[in-house]
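Engineer: One structure is given below, represented as structure tokens, and several questions about it will come after.
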2 protein chains.
Amino acid sequence: MSNRSAIDEAKKGSAEVVILAVIEQESHHGYEIAKLIELRTDGSLTFTLASLYATLYRLEDRGWIRGRWVEKAGQRRRCYYRITDAGRKVLTQQREDWSRFVAALGQIAGVKYA
Amino acid sequence: MSNRSAIDEAKKGSAEVVILAVIEQESHHGYEIAKLIELRTDGSLTFTLASLYATLYRLEDRGWIRGRWVEKAGQRRRCYYRITDAGRKVLTQQREDWSRFVAALGQIAGVKYA
DNA sequence: ATCCTATATACAGGAGAGCTATATATCAAG
DNA sequence: CTTGATATATAGCTCTCCTGTATATAGGAT
């Protein structure tokens, strides 16, 4: 109920490509991934932690990412995720799909890449 | 289940801005809107008729579009939708929201506007 | 010392958009 | 006269993200 901004709807389905891209170069744990998304998009794009963790489990189930538990003194246990070979292929494909979608949205709705 | 392409998820939430944009200049009926979307995006973006009609009813409920039934000899009855003043404001806002989202997706995930 | 915030993960229940499947009905073409 | 394109409509489902809640540790403030 429903002062939902369009961006709330826009981002649906984008969590996968975003997470895969964030851990493309180096592994990160869940909480860190959430913070990085917010930081790197200047707050334009955010996901709730509950939703983010759920997405991580889903991606791991599909074999696109792999988690590794790390316990250090003076720190809570953290699960670091890295991308798999299968995940890299999916990331490449999803970048193409999103790019095509964005182009279509520009054509049909006049949405410009600012 | 689930050879869903990323574009299937991407487009979630985009129907509103797309429909509003299609009827921005001139009114169209539902079936025609569906065909125009497919045509103008070279088939990149499509919506099922069931989903499109449901979205039209939703937009009308919100007062963003207005339907007018037209019956002509030699034609099935058609409901032509035009955008309302409220709809134009929403369209402007949604274009901004989507633009911001696309910019964020470029920053965080390297998705480029082809 | 104790409270509060940030850190860190986890799960149950629900909302909402688009999907498939199905139904109805008209018109043009073969 | 059957098929396909046109045109609208509804029921039920899936999937993703949401809110709300729970647990637990570290560090700073009162």
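Following the order of the structure tokens, chains are lettered A, B, ..., residues in each are numbered from 1, and ligands are numbered from 1.
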Wanna dump the chain A-chain C contacts at 10 Å for me, each residue with its shortest atom pair and the distance in Å to one decimal, counting only C-alpha atoms (C1' of nucleotides), ordered by chain and number, as CSV?

Structural biologist:
```
residue,atom,partner,partner_atom,distance
A:Met1,CA,C:DA15,C1',8.2
A:Glu9,CA,C:DA17,C1',8.6
A:Lys12,CA,C:DA17,C1',9.7
A:His29,CA,C:DA8,C1',9.2
A:Gly30,CA,C:DA8,C1',8.2
A:Tyr31,CA,C:DA8,C1',6.5
A:Glu32,CA,C:DA8,C1',9.4
A:Leu49,CA,C:DT9,C1',9.1
A:Ala50,CA,C:DA10,C1',8.0
A:Tyr53,CA,C:DT9,C1',8.1
A:Ala54,CA,C:DA10,C1',9.1
A:Gln75,CA,C:DT7,C1',9.1
A:Arg76,CA,C:DA8,C1',6.6
A:Arg77,CA,C:DA8,C1',7.5
A:Arg78,CA,C:DA8,C1',6.9
A:Cys79,CA,C:DT9,C1',8.9
```

Engineer: Contacts from chain D to chain A, 7 Å maximum, only C-alpha atoms (C1' of nucleotides): show me the residue list as a PyMOL selection string.

Structural biologist: chain D and resi 16-17+25

Engineer: Write a file of the just-selected residues containing C-alpha atoms (C1' of nucleotides), as an mmCIF file, in the first residue's frame.

Structural biologist:
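Written out: out_14.cif:
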```cif
data_model
loop_
_atom_site.group_PDB
_atom_site.id
_atom_site.type_symbol
_atom_site.label_atom_id
_atom_site.label_comp_id
_atom_site.auth_asym_id
_atom_site.auth_seq_id
_atom_site.Cartn_x
_atom_site.Cartn_y
_atom_site.Cartn_z
ATOM 1 C "C1'" DT D 16 10.733 -11.356 -6.046
ATOM 2 C "C1'" DC D 17 10.945 -8.201 -2.718
ATOM 3 C "C1'" DT D 25 28.422 -9.608 19.218
#
```

Engineer: Would you list which chain B residues are within 9 Å of chain A using only C-alpha atoms, as a PyMOL selection string?

Structural biologist: chain B and resi 5-14+16-22+36-37+40-45+93-114

Engineer: Would you give me, as a PyMOL selection string, the residues in stretch 4-109 of chain B that DSSP reads as alpha helix (DSSP H)?

Structural biologist: chain B and resi 6-10+15-22+30-40+49-61+85-109

Engineer: Can you show chain A as a compact mmCIF listing (two decimals) with N, CA, C and O atoms, in the first residue's frame once it has been least-squares superposed onto chain B, using every C-alpha atom paired in order?

Structural biologist:
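The resulting file, out-v9.txt, is reproduced below:
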```
# COMPACT_ATOMS: atom_id res chain seq x y z
N MET A 1 8.88 -21.63 -13.21
CA MET A 1 9.96 -22.62 -13.45
C MET A 1 10.66 -22.42 -14.76
O MET A 1 10.02 -22.40 -15.78
N SER A 2 11.93 -22.45 -14.81
CA SER A 2 12.68 -21.27 -14.64
C SER A 2 13.81 -21.24 -15.59
O SER A 2 14.96 -21.22 -15.22
N ASN A 3 13.45 -21.27 -16.84
CA ASN A 3 14.38 -20.75 -17.82
C ASN A 3 13.99 -19.32 -18.10
O ASN A 3 13.99 -18.88 -19.22
N ARG A 4 13.65 -18.62 -17.03
CA ARG A 4 13.26 -17.23 -17.17
C ARG A 4 14.51 -16.44 -17.51
O ARG A 4 15.52 -16.55 -16.84
N SER A 5 14.44 -15.63 -18.54
CA SER A 5 15.57 -14.76 -18.85
C SER A 5 15.50 -13.56 -17.92
O SER A 5 14.46 -13.26 -17.33
N ALA A 6 16.63 -12.89 -17.77
CA ALA A 6 16.68 -11.73 -16.89
C ALA A 6 15.69 -10.67 -17.33
O ALA A 6 15.17 -9.91 -16.52
N ILE A 7 15.42 -10.62 -18.62
CA ILE A 7 14.52 -9.58 -19.13
C ILE A 7 13.11 -9.80 -18.62
O ILE A 7 12.34 -8.85 -18.45
N ASP A 8 12.76 -11.04 -18.33
CA ASP A 8 11.45 -11.32 -17.76
C ASP A 8 11.31 -10.66 -16.39
O ASP A 8 10.25 -10.18 -16.02
N GLU A 9 12.41 -10.64 -15.66
CA GLU A 9 12.40 -10.00 -14.35
C GLU A 9 12.56 -8.50 -14.48
O GLU A 9 11.93 -7.73 -13.78
N ALA A 10 13.43 -8.12 -15.41
CA ALA A 10 13.73 -6.70 -15.62
C ALA A 10 12.47 -5.90 -15.83
O ALA A 10 12.30 -4.82 -15.27
N LYS A 11 11.59 -6.44 -16.64
CA LYS A 11 10.45 -5.65 -17.05
C LYS A 11 9.39 -5.48 -15.97
O LYS A 11 8.46 -4.71 -16.13
N LYS A 12 9.55 -6.19 -14.87
CA LYS A 12 8.55 -6.07 -13.81
C LYS A 12 8.47 -4.63 -13.33
O LYS A 12 9.46 -4.03 -12.95
N GLY A 13 7.29 -4.12 -13.35
CA GLY A 13 7.09 -2.74 -12.91
C GLY A 13 7.23 -1.74 -14.03
O GLY A 13 6.94 -0.56 -13.83
N SER A 14 7.66 -2.19 -15.20
CA SER A 14 7.85 -1.25 -16.32
C SER A 14 6.58 -1.04 -17.13
O SER A 14 6.49 -0.08 -17.90
N ALA A 15 5.59 -1.90 -16.96
CA ALA A 15 4.37 -1.82 -17.76
C ALA A 15 3.70 -0.45 -17.61
O ALA A 15 3.22 0.13 -18.59
N GLU A 16 3.71 0.08 -16.41
CA GLU A 16 3.04 1.35 -16.17
C GLU A 16 3.62 2.49 -16.98
O GLU A 16 2.90 3.18 -17.72
N VAL A 17 4.93 2.67 -16.87
CA VAL A 17 5.57 3.78 -17.59
C VAL A 17 5.46 3.57 -19.10
O VAL A 17 5.26 4.53 -19.86
N VAL A 18 5.53 2.33 -19.53
CA VAL A 18 5.44 2.02 -20.96
C VAL A 18 4.05 2.36 -21.50
O VAL A 18 3.92 3.04 -22.53
N ILE A 19 3.01 1.92 -20.81
CA ILE A 19 1.64 2.19 -21.27
C ILE A 19 1.37 3.69 -21.27
O ILE A 19 0.84 4.24 -22.24
N LEU A 20 1.74 4.36 -20.20
CA LEU A 20 1.51 5.81 -20.12
C LEU A 20 2.20 6.52 -21.28
O LEU A 20 1.63 7.43 -21.89
N ALA A 21 3.42 6.10 -21.59
CA ALA A 21 4.17 6.73 -22.68
C ALA A 21 3.52 6.47 -24.04
O ALA A 21 3.48 7.35 -24.89
N VAL A 22 3.00 5.24 -24.22
CA VAL A 22 2.40 4.88 -25.51
C VAL A 22 1.15 5.73 -25.80
O VAL A 22 0.91 6.12 -26.94
N ILE A 23 0.38 6.04 -24.77
CA ILE A 23 -0.84 6.84 -24.99
C ILE A 23 -0.62 8.31 -24.67
O ILE A 23 -1.58 9.09 -24.58
N GLU A 24 0.64 8.70 -24.52
CA GLU A 24 0.93 10.10 -24.19
C GLU A 24 0.44 11.05 -25.28
O GLU A 24 -0.13 12.10 -25.00
N GLN A 25 0.67 10.68 -26.55
CA GLN A 25 0.32 11.57 -27.67
C GLN A 25 -1.09 11.33 -28.20
O GLN A 25 -1.80 12.26 -28.50
N GLU A 26 -1.46 10.04 -28.34
CA GLU A 26 -2.80 9.73 -28.83
C GLU A 26 -3.36 8.49 -28.16
O GLU A 26 -2.60 7.61 -27.76
N SER A 27 -4.68 8.44 -28.05
CA SER A 27 -5.32 7.31 -27.38
C SER A 27 -5.22 6.05 -28.23
O SER A 27 -5.18 6.11 -29.46
N HIS A 28 -5.17 4.90 -27.54
CA HIS A 28 -5.14 3.60 -28.19
C HIS A 28 -5.97 2.63 -27.37
O HIS A 28 -6.16 2.84 -26.18
N HIS A 29 -6.43 1.56 -28.00
CA HIS A 29 -7.14 0.52 -27.26
C HIS A 29 -6.14 -0.57 -26.85
O HIS A 29 -5.01 -0.61 -27.36
N GLY A 30 -6.57 -1.43 -25.91
CA GLY A 30 -5.68 -2.39 -25.27
C GLY A 30 -4.87 -3.25 -26.21
O GLY A 30 -3.64 -3.31 -26.11
N TYR A 31 -5.55 -3.89 -27.12
CA TYR A 31 -4.87 -4.80 -28.05
C TYR A 31 -3.81 -4.05 -28.86
O TYR A 31 -2.71 -4.54 -29.08
N GLU A 32 -4.17 -2.83 -29.26
CA GLU A 32 -3.27 -1.99 -30.05
C GLU A 32 -2.04 -1.60 -29.23
O GLU A 32 -0.91 -1.58 -29.75
N ILE A 33 -2.23 -1.29 -27.97
CA ILE A 33 -1.12 -0.93 -27.09
C ILE A 33 -0.11 -2.08 -27.00
O ILE A 33 1.09 -1.88 -27.13
N ALA A 34 -0.63 -3.29 -26.85
CA ALA A 34 0.24 -4.48 -26.79
C ALA A 34 1.07 -4.61 -28.06
O ALA A 34 2.28 -4.86 -28.00
N LYS A 35 0.41 -4.45 -29.20
CA LYS A 35 1.11 -4.58 -30.49
C LYS A 35 2.15 -3.47 -30.66
O LYS A 35 3.25 -3.71 -31.18
N LEU A 36 1.81 -2.26 -30.25
CA LEU A 36 2.73 -1.12 -30.38
C LEU A 36 3.99 -1.32 -29.54
O LEU A 36 5.09 -1.00 -29.97
N ILE A 37 3.81 -1.86 -28.33
CA ILE A 37 4.96 -2.11 -27.46
C ILE A 37 5.92 -3.09 -28.14
O ILE A 37 7.12 -2.85 -28.20
N GLU A 38 5.36 -4.16 -28.66
CA GLU A 38 6.18 -5.16 -29.32
C GLU A 38 6.88 -4.57 -30.56
O GLU A 38 8.08 -4.75 -30.76
N LEU A 39 6.10 -3.84 -31.34
CA LEU A 39 6.61 -3.25 -32.59
C LEU A 39 7.72 -2.24 -32.32
O LEU A 39 8.80 -2.30 -32.92
N ARG A 40 7.47 -1.32 -31.42
CA ARG A 40 8.39 -0.20 -31.20
C ARG A 40 9.65 -0.59 -30.45
O ARG A 40 10.60 0.17 -30.39
N THR A 41 9.66 -1.78 -29.84
CA THR A 41 10.88 -2.24 -29.18
C THR A 41 11.51 -3.39 -29.97
O THR A 41 12.37 -4.10 -29.45
N ASP A 42 11.08 -3.56 -31.20
CA ASP A 42 11.58 -4.64 -32.06
C ASP A 42 11.47 -6.00 -31.38
O ASP A 42 12.36 -6.84 -31.52
N GLY A 43 10.39 -6.17 -30.63
CA GLY A 43 10.16 -7.45 -29.98
C GLY A 43 10.92 -7.68 -28.69
O GLY A 43 10.78 -8.73 -28.07
N SER A 44 11.72 -6.70 -28.28
CA SER A 44 12.49 -6.86 -27.04
C SER A 44 11.58 -6.88 -25.82
O SER A 44 11.85 -7.56 -24.84
N LEU A 45 10.52 -6.13 -25.89
CA LEU A 45 9.62 -6.01 -24.75
C LEU A 45 8.21 -6.39 -25.16
O LEU A 45 7.65 -5.83 -26.10
N THR A 46 7.65 -7.38 -24.48
CA THR A 46 6.27 -7.80 -24.76
C THR A 46 5.56 -8.06 -23.46
O THR A 46 6.18 -8.41 -22.46
N PHE A 47 4.24 -7.86 -23.48
CA PHE A 47 3.40 -8.22 -22.33
C PHE A 47 2.27 -9.10 -22.84
O PHE A 47 1.77 -8.88 -23.95
N THR A 48 1.88 -10.07 -22.05
CA THR A 48 0.73 -10.88 -22.43
C THR A 48 -0.51 -10.00 -22.35
O THR A 48 -0.55 -9.04 -21.57
N LEU A 49 -1.50 -10.32 -23.16
CA LEU A 49 -2.71 -9.51 -23.19
C LEU A 49 -3.39 -9.51 -21.83
O LEU A 49 -3.86 -8.47 -21.36
N ALA A 50 -3.46 -10.68 -21.19
CA ALA A 50 -4.11 -10.78 -19.89
C ALA A 50 -3.49 -9.80 -18.90
O ALA A 50 -4.20 -9.09 -18.18
N SER A 51 -2.17 -9.75 -18.91
CA SER A 51 -1.45 -8.89 -17.98
C SER A 51 -1.62 -7.43 -18.36
O SER A 51 -1.76 -6.55 -17.50
N LEU A 52 -1.65 -7.16 -19.66
CA LEU A 52 -1.82 -5.79 -20.13
C LEU A 52 -3.19 -5.22 -19.75
O LEU A 52 -3.29 -4.10 -19.25
N TYR A 53 -4.24 -6.00 -19.97
CA TYR A 53 -5.57 -5.51 -19.62
C TYR A 53 -5.68 -5.26 -18.13
O TYR A 53 -6.22 -4.25 -17.68
N ALA A 54 -5.13 -6.17 -17.35
CA ALA A 54 -5.16 -6.01 -15.89
C ALA A 54 -4.48 -4.70 -15.48
O ALA A 54 -4.97 -3.98 -14.61
N THR A 55 -3.37 -4.38 -16.14
CA THR A 55 -2.66 -3.15 -15.84
C THR A 55 -3.49 -1.93 -16.24
O THR A 55 -3.54 -0.94 -15.50
N LEU A 56 -4.17 -2.01 -17.37
CA LEU A 56 -5.02 -0.90 -17.80
C LEU A 56 -6.11 -0.61 -16.77
O LEU A 56 -6.36 0.55 -16.43
N TYR A 57 -6.74 -1.68 -16.25
CA TYR A 57 -7.80 -1.47 -15.26
C TYR A 57 -7.24 -0.83 -14.01
O TYR A 57 -7.87 0.02 -13.38
N ARG A 58 -6.04 -1.26 -13.64
CA ARG A 58 -5.39 -0.72 -12.45
C ARG A 58 -5.08 0.77 -12.64
O ARG A 58 -5.36 1.58 -11.76
N LEU A 59 -4.54 1.11 -13.79
CA LEU A 59 -4.20 2.51 -14.06
C LEU A 59 -5.45 3.38 -14.11
O LEU A 59 -5.43 4.53 -13.67
N GLU A 60 -6.54 2.82 -14.63
CA GLU A 60 -7.79 3.57 -14.67
C GLU A 60 -8.35 3.78 -13.25
O GLU A 60 -8.81 4.86 -12.91
N ASP A 61 -8.25 2.74 -12.43
CA ASP A 61 -8.68 2.84 -11.03
C ASP A 61 -7.95 3.98 -10.32
O ASP A 61 -8.52 4.67 -9.49
N ARG A 62 -6.68 4.14 -10.65
CA ARG A 62 -5.87 5.17 -10.01
C ARG A 62 -6.08 6.55 -10.63
O ARG A 62 -5.51 7.53 -10.16
N GLY A 63 -6.84 6.59 -11.70
CA GLY A 63 -7.14 7.88 -12.33
C GLY A 63 -6.04 8.40 -13.23
O GLY A 63 -6.01 9.58 -13.57
N TRP A 64 -5.14 7.52 -13.66
CA TRP A 64 -4.02 7.96 -14.50
C TRP A 64 -4.36 7.87 -15.98
O TRP A 64 -3.72 8.50 -16.81
N ILE A 65 -5.34 7.04 -16.32
CA ILE A 65 -5.83 6.93 -17.69
C ILE A 65 -7.36 6.85 -17.66
O ILE A 65 -7.95 6.58 -16.61
N ARG A 66 -7.99 7.12 -18.83
CA ARG A 66 -9.44 7.05 -18.90
C ARG A 66 -9.83 6.30 -20.17
O ARG A 66 -9.33 6.62 -21.24
N GLY A 67 -10.72 5.32 -20.02
CA GLY A 67 -11.17 4.53 -21.17
C GLY A 67 -12.50 5.04 -21.73
O GLY A 67 -13.33 5.54 -20.99
N ARG A 68 -12.67 4.89 -23.03
CA ARG A 68 -13.92 5.30 -23.69
C ARG A 68 -14.29 4.22 -24.70
O ARG A 68 -13.50 3.90 -25.59
N TRP A 69 -15.48 3.62 -24.54
CA TRP A 69 -15.90 2.54 -25.43
C TRP A 69 -16.34 3.09 -26.78
O TRP A 69 -17.09 4.06 -26.85
N VAL A 70 -15.87 2.44 -27.84
CA VAL A 70 -16.24 2.84 -29.20
C VAL A 70 -16.76 1.63 -29.95
O VAL A 70 -16.10 0.59 -29.99
N GLU A 71 -17.96 1.74 -30.53
CA GLU A 71 -18.52 0.66 -31.34
C GLU A 71 -18.71 1.16 -32.77
O GLU A 71 -19.38 2.15 -33.00
N LYS A 72 -18.08 0.44 -33.68
CA LYS A 72 -18.23 0.78 -35.10
C LYS A 72 -18.71 -0.45 -35.86
O LYS A 72 -18.37 -1.58 -35.50
N ALA A 73 -19.49 -0.21 -36.90
CA ALA A 73 -19.95 -1.31 -37.77
C ALA A 73 -18.73 -2.00 -38.38
O ALA A 73 -17.77 -1.33 -38.77
N GLY A 74 -18.77 -3.32 -38.43
CA GLY A 74 -17.66 -4.06 -39.01
C GLY A 74 -16.45 -4.16 -38.10
O GLY A 74 -15.37 -4.52 -38.52
N GLN A 75 -16.65 -3.83 -36.81
CA GLN A 75 -15.55 -3.94 -35.85
C GLN A 75 -16.08 -4.39 -34.50
O GLN A 75 -17.19 -4.05 -34.12
N ARG A 76 -15.26 -5.12 -33.79
CA ARG A 76 -15.59 -5.46 -32.42
C ARG A 76 -15.52 -4.21 -31.58
O ARG A 76 -14.81 -3.27 -31.92
N ARG A 77 -16.24 -4.18 -30.48
CA ARG A 77 -16.17 -3.01 -29.58
C ARG A 77 -14.76 -2.90 -29.03
O ARG A 77 -14.08 -3.90 -28.79
N ARG A 78 -14.31 -1.67 -28.90
CA ARG A 78 -12.96 -1.41 -28.40
C ARG A 78 -13.02 -0.33 -27.34
O ARG A 78 -13.85 0.57 -27.40
N CYS A 79 -12.12 -0.44 -26.36
CA CYS A 79 -12.03 0.61 -25.34
C CYS A 79 -10.73 1.38 -25.56
O CYS A 79 -9.65 0.85 -25.41
N TYR A 80 -10.90 2.63 -25.96
CA TYR A 80 -9.75 3.51 -26.21
C TYR A 80 -9.36 4.23 -24.92
O TYR A 80 -10.19 4.86 -24.28
N TYR A 81 -8.06 4.15 -24.60
CA TYR A 81 -7.58 4.81 -23.38
C TYR A 81 -6.78 6.05 -23.72
O TYR A 81 -5.95 6.04 -24.62
N ARG A 82 -7.03 7.11 -22.96
CA ARG A 82 -6.19 8.31 -23.07
C ARG A 82 -5.63 8.63 -21.69
O ARG A 82 -6.17 8.22 -20.67
N ILE A 83 -4.54 9.36 -21.69
CA ILE A 83 -3.88 9.71 -20.43
C ILE A 83 -4.59 10.90 -19.79
O ILE A 83 -5.10 11.77 -20.50
N THR A 84 -4.64 10.93 -18.46
CA THR A 84 -5.24 12.06 -17.75
C THR A 84 -4.14 13.04 -17.31
O THR A 84 -2.96 12.75 -17.46
N ASP A 85 -4.54 14.18 -16.77
CA ASP A 85 -3.56 15.14 -16.26
C ASP A 85 -2.73 14.51 -15.15
O ASP A 85 -1.51 14.66 -15.10
N ALA A 86 -3.43 13.79 -14.27
CA ALA A 86 -2.72 13.09 -13.18
C ALA A 86 -1.73 12.08 -13.77
O ALA A 86 -0.60 11.95 -13.29
N GLY A 87 -2.15 11.40 -14.83
CA GLY A 87 -1.30 10.43 -15.49
C GLY A 87 -0.04 11.05 -16.07
O GLY A 87 1.04 10.46 -16.01
N ARG A 88 -0.16 12.24 -16.60
CA ARG A 88 1.01 12.94 -17.17
C ARG A 88 2.03 13.25 -16.08
O ARG A 88 3.24 13.14 -16.29
N LYS A 89 1.53 13.65 -14.93
CA LYS A 89 2.44 13.94 -13.81
C LYS A 89 3.17 12.67 -13.38
O LYS A 89 4.37 12.68 -13.13
N VAL A 90 2.40 11.58 -13.30
CA VAL A 90 2.99 10.30 -12.91
C VAL A 90 4.03 9.86 -13.95
O VAL A 90 5.11 9.39 -13.59
N LEU A 91 3.72 10.05 -15.21
CA LEU A 91 4.64 9.66 -16.28
C LEU A 91 5.97 10.41 -16.16
O LEU A 91 7.04 9.81 -16.26
N THR A 92 5.89 11.70 -15.92
CA THR A 92 7.10 12.51 -15.74
C THR A 92 7.94 11.99 -14.58
O THR A 92 9.16 11.80 -14.70
N GLN A 93 7.26 11.72 -13.46
CA GLN A 93 7.96 11.21 -12.28
C GLN A 93 8.58 9.84 -12.54
O GLN A 93 9.72 9.58 -12.17
N GLN A 94 7.81 8.97 -13.21
CA GLN A 94 8.30 7.62 -13.45
C GLN A 94 9.49 7.62 -14.42
O GLN A 94 10.39 6.80 -14.29
N ARG A 95 9.46 8.52 -15.38
CA ARG A 95 10.62 8.64 -16.28
C ARG A 95 11.87 9.01 -15.48
O ARG A 95 12.95 8.45 -15.71
N GLU A 96 11.73 9.92 -14.55
CA GLU A 96 12.87 10.32 -13.71
C GLU A 96 13.35 9.15 -12.85
O GLU A 96 14.55 8.91 -12.74
N ASP A 97 12.39 8.45 -12.24
CA ASP A 97 12.73 7.31 -11.39
C ASP A 97 13.48 6.23 -12.18
O ASP A 97 14.50 5.72 -11.73
N TRP A 98 12.96 5.90 -13.35
CA TRP A 98 13.58 4.86 -14.16
C TRP A 98 14.95 5.30 -14.64
O TRP A 98 15.88 4.50 -14.70
N SER A 99 15.07 6.57 -14.96
CA SER A 99 16.35 7.09 -15.42
C SER A 99 17.40 6.98 -14.32
O SER A 99 18.55 6.58 -14.57
N ARG A 100 17.00 7.29 -13.11
CA ARG A 100 17.89 7.20 -11.96
C ARG A 100 18.28 5.74 -11.70
O ARG A 100 19.44 5.42 -11.43
N PHE A 101 17.30 4.87 -11.85
CA PHE A 101 17.55 3.44 -11.65
C PHE A 101 18.54 2.91 -12.69
O PHE A 101 19.48 2.18 -12.36
N VAL A 102 18.35 3.33 -13.93
CA VAL A 102 19.23 2.88 -15.01
C VAL A 102 20.65 3.38 -14.77
O VAL A 102 21.63 2.64 -14.98
N ALA A 103 20.76 4.62 -14.31
CA ALA A 103 22.08 5.18 -14.00
C ALA A 103 22.75 4.36 -12.89
O ALA A 103 23.93 4.02 -12.97
N ALA A 104 21.97 4.02 -11.87
CA ALA A 104 22.49 3.22 -10.75
C ALA A 104 22.95 1.85 -11.23
O ALA A 104 24.01 1.37 -10.83
N LEU A 105 22.18 1.26 -12.12
CA LEU A 105 22.52 -0.06 -12.64
C LEU A 105 23.80 0.00 -13.47
O LEU A 105 24.58 -0.95 -13.49
N GLY A 106 24.01 1.10 -14.15
CA GLY A 106 25.25 1.30 -14.89
C GLY A 106 26.44 1.37 -13.95
O GLY A 106 27.47 0.74 -14.18
N GLN A 107 26.28 2.13 -12.87
CA GLN A 107 27.36 2.30 -11.89
C GLN A 107 27.72 1.00 -11.21
O GLN A 107 28.89 0.62 -11.13
N ILE A 108 26.72 0.33 -10.69
CA ILE A 108 26.97 -0.81 -9.82
C ILE A 108 27.22 -2.09 -10.60
O ILE A 108 28.01 -2.94 -10.18
N ALA A 109 26.54 -2.26 -11.74
CA ALA A 109 26.60 -3.55 -12.42
C ALA A 109 27.21 -3.47 -13.81
O ALA A 109 27.30 -4.48 -14.51
N GLY A 110 27.61 -2.26 -14.22
CA GLY A 110 28.22 -2.12 -15.54
C GLY A 110 27.26 -2.39 -16.68
O GLY A 110 27.66 -2.80 -17.75
N VAL A 111 25.97 -2.13 -16.44
CA VAL A 111 24.98 -2.28 -17.51
C VAL A 111 24.97 -1.00 -18.33
O VAL A 111 24.72 0.08 -17.79
N LYS A 112 25.25 -1.14 -19.60
CA LYS A 112 25.37 0.04 -20.45
C LYS A 112 24.15 0.25 -21.31
O LYS A 112 23.49 -0.71 -21.70
N TYR A 113 23.87 1.51 -21.58
CA TYR A 113 22.77 1.89 -22.45
C TYR A 113 23.25 1.72 -23.88
O TYR A 113 23.99 2.54 -24.39
N ALA A 114 22.84 0.63 -24.50
CA ALA A 114 23.36 0.27 -25.83
C ALA A 114 22.91 1.26 -26.90
O ALA A 114 21.76 1.59 -26.98
```

Engineer: Would you please extract all strand (DSSP E) residues from chain A, as assigned by DSSP on the backbone, and give them as a ChimeraX atom specification?

Structural biologist: /A:28-29,65-70,78-83
